[in-house]
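One structure is given below, encoded as structure tokens.
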Amino acid sequence: MKKFIQVFEYQKLRYDDSGIFRKHHFDAMVKFNELHQNKYFTIIHEGVRFKSYVGVIQIGGLTIEILPKADNNENADKNLWQNVLLNMLKVCKHIQVESISETQLKKRYHSILDVYFELYLNEVERLVKKGLIRKYRKTQSNQNALKGKLLFAQNIQQNLVHKERFYCEHQVYDKNHLLHQILFKGLLILKTFVNDSLKDKLNRMLFEFQDYENINIQKKHFDKIIIDRKNHDYQKAIDIAKIIILNYSPSLNYGNENLLTLLFDMNTLWEEYIFRILQKHKPNEIEVSFQNSDKFWESKRIRPDIILKTQDETFVIDTKWKIIEDKNPSDDDLKQMFVYNLHWKAEKSLLLYPKTNQMDSSFGTFHYDNLGKKCKLGFVDITNELTIKNSEILAKEIFDKL
């Protein structure tokens with residue numbers, strides 16, 4: 001039976017061997033975290049405290065979903081924040097934009113992994129119905145007749161007794177090539193994690209791939225894939241397979257539990273989300289650019305999140321996914337904005353935070369050589385009571401702050 005826990009970022013989760021989250025789950029999470037420099041959560045007494053990473057950790061039959069949260073409500077609506085996360089992943093193209101509709105976003109998903117699983121199975125099914133493509137590939141085997149290139153060393157080793165055989169490397173034209181081997185591996189991984197509602201479709205797809213070779217797919221295999229006119233239909237399925245396969249850790253490293261993770265740093269996600277909605281809904285006279293990088297000191301570089309330019313002015317926006325008081329920014333944040341103002345010759349800059357109940361500050365002036373450089377604190381609510389706020393409205397609110 002599949003078990004499910006939802007928590008918010010920075011929340012604590014302790015194990016209880018009589019409950020859902022047990023010590024063997026905890027042990028697998030500890031090993032996983034150690035292999036990634038302990039960046040995903042902090043180990044506490046008999047449990048973990050999550051950090052700024054949100055998403056899903058699936059350990060065998062247990063799904064732990066970590067949700068973002070930008071309010072002070074202890075009983076925050078988890079369905080709402082799951083939809084917020086799904087929407088941000090869609091806008092930032094971590095979920096194929098064309099593949100998931102607004103209707104699907106409003107569907108009640110068990111976890112965000114189910115979204116990826118459903119999209120993946122739908123894409124593989126579409127490819128199967130259309131007809132899987134054949135490709136030329138090299139293979140090595142013993143033949144009764146010389147075919148292709150004779151491999152002398154292997155031929156001597158394999159055919160010392162059977163002189164009538166030839167160990168050759170030759171080309172075959174079939175469906176058992178890397179594209180399908182990747183799709184097959186993704187389907188095999190889903191066997192461990194998929195919920196009951198998708199099992200029938202998964203089994204049908206596995207039947208279609210039963211004659212394909214099961215190889216150990218790694219990042220280097222994805223690097224070999226070249227999408228061209230003949231195989232461009234495979235792009236979405238391969239993209240999702242890459243997410244599933246490269247984030248999968250078999251039980252060899254984690255005791256008795258297979259582990260699949262899909263985790264995103266909310267600071268990075270918030271930054272990209274704000275950029276993409278500003279880029280989409282910008283007025284014609286404003287140019288929006290993202291992650292501008294320039295030399296700062298020796299080999300060190302400086303990189304503000306977002307730069308807005310008009311014909312006459314430059315503005316800098318730096319996003320911060322954290323809750324602060326409306327009149328109490330950190331000294332480090334202000335110093336950072338001061339440097340951005342100077343380096344990019346911007347008159348105004350904006351520190352942009354998620355809103356709980358704060359009010360925007362007015363523009364404050366940096367006291368430096370009477371240059372008149374200014375910065376303000378801005379707060380935006382990405383929800384509208386019980387729904388996700390329309391991105392066009394949100395973008396307008398941000399532009400209006402400057």
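The way I read the labels, and the way they are meant: chains A, B, ... in the order of the structure tokens, residue 1 as the first residue of every chain, and ligand 1 as the first ligand shown, with later ones counted on from there.
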| Long-range neighbours of Ile20 of chain A as a PyMOL selection string, 9 Å cut-off, only C-alpha atoms, 3 positions minimum in chain | chain A and resi 3-5+15-17+62
| task | Would you please extract all alpha helix (DSSP H) residues from segment 153-197 of chain A, as assigned by DSSP on the backbone, and give them as a ChimeraX atom specification? | result | /A:153-158,178-193,196-197
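Relative to atom CA of His367 of chain A, atom CA of Leu334 of chain A is found at 12.1 Å.
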| All strand (DSSP E) positions in segment 4-150 of chain A, as a PyMOL selection string | chain A and resi 4-8+12-14+41-44+47-50+53-59+62-67+135-143+149-150
Ala70 of chain A environment, 7 Å, only C-alpha atoms, sequence neighbours closer than 6 positions dropped, as a short mmCIF file (atom, residue, chain, number, x, y, z; two decimals) with N, CA and C atoms, in the first residue's frame:
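Written file, around34.cif:
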data_model
loop_
_atom_site.label_atom_id
_atom_site.label_comp_id
_atom_site.auth_asym_id
_atom_site.auth_seq_id
_atom_site.Cartn_x
_atom_site.Cartn_y
_atom_site.Cartn_z
N PRO A 354 8.18 37.20 -1.09
CA PRO A 354 6.79 36.76 -1.02
C PRO A 354 6.06 37.50 0.10
N LYS A 355 4.78 37.74 -0.11
CA LYS A 355 4.02 38.56 0.84
C LYS A 355 3.21 37.70 1.78
N THR A 356 3.24 38.10 3.06
CA THR A 356 2.29 37.56 4.04
C THR A 356 1.32 38.68 4.42
#
| Could you name the residues that touch Gln336 of chain A at 12 Å or less, counting only C-alpha atoms, but leaving out those on the same chain fewer than 6 positions away, as a ChimeraX atom specification? | /A:302-305,316-319,329-330,342-343,349-351,366,375
| All residues 10 Å or closer to Leu89 of chain A, only C-alpha atoms, same chain fewer than 3 positions away omitted, as a ChimeraX atom specification | /A:55,83-86,92-97,112,264,269-270,272-273
| field | Point-to-point distance from atom CA of Val288 of chain A to atom CA of Lys320 of chain A, Å rounded to tenths | value |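 Atom CA of Lys320 of chain A lies at a distance of 18.2 Å from atom CA of Val288 of chain A.
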Report as a Markdown table the residues of segment 128-213 of chain A within 10 Å of segment 258-261 of chain A, each with its shortest atom pair and distance in Å (one decimal), using only C-alpha atoms, ordered by chain and increasing residue number.
| residue | atom | partner | partner_atom | distance |
| --- | --- | --- | --- | --- |
| A:Ile189 | CA | A:Leu260 | CA | 9.0 |
| A:Leu190 | CA | A:Leu260 | CA | 9.8 |
| A:Thr192 | CA | A:Asn258 | CA | 7.8 |
| A:Phe193 | CA | A:Leu260 | CA | 8.3 |
Restricted to N, CA and C atoms, what would the selected residues look like written as a PDB file, in the first residue's frame?
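Below is the file selection04.pdb, written as the result:
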ATOM      1  N   ILE A 189      11.588   1.688 -13.974  1.00  0.00           N
ATOM      2  CA  ILE A 189      11.679   2.424 -12.704  1.00  0.00           C
ATOM      3  C   ILE A 189      10.291   2.723 -12.162  1.00  0.00           C
ATOM      4  N   LEU A 190       9.358   3.052 -13.054  1.00  0.00           N
ATOM      5  CA  LEU A 190       7.998   3.381 -12.621  1.00  0.00           C
ATOM      6  C   LEU A 190       7.305   2.205 -11.939  1.00  0.00           C
ATOM      7  N   THR A 192       8.197   0.461  -9.556  1.00  0.00           N
ATOM      8  CA  THR A 192       8.346   0.548  -8.094  1.00  0.00           C
ATOM      9  C   THR A 192       7.465   1.630  -7.498  1.00  0.00           C
ATOM     10  N   PHE A 193       7.228   2.708  -8.253  1.00  0.00           N
ATOM     11  CA  PHE A 193       6.686   3.920  -7.646  1.00  0.00           C
ATOM     12  C   PHE A 193       5.277   4.305  -8.084  1.00  0.00           C
TER      13      PHE A 193
END
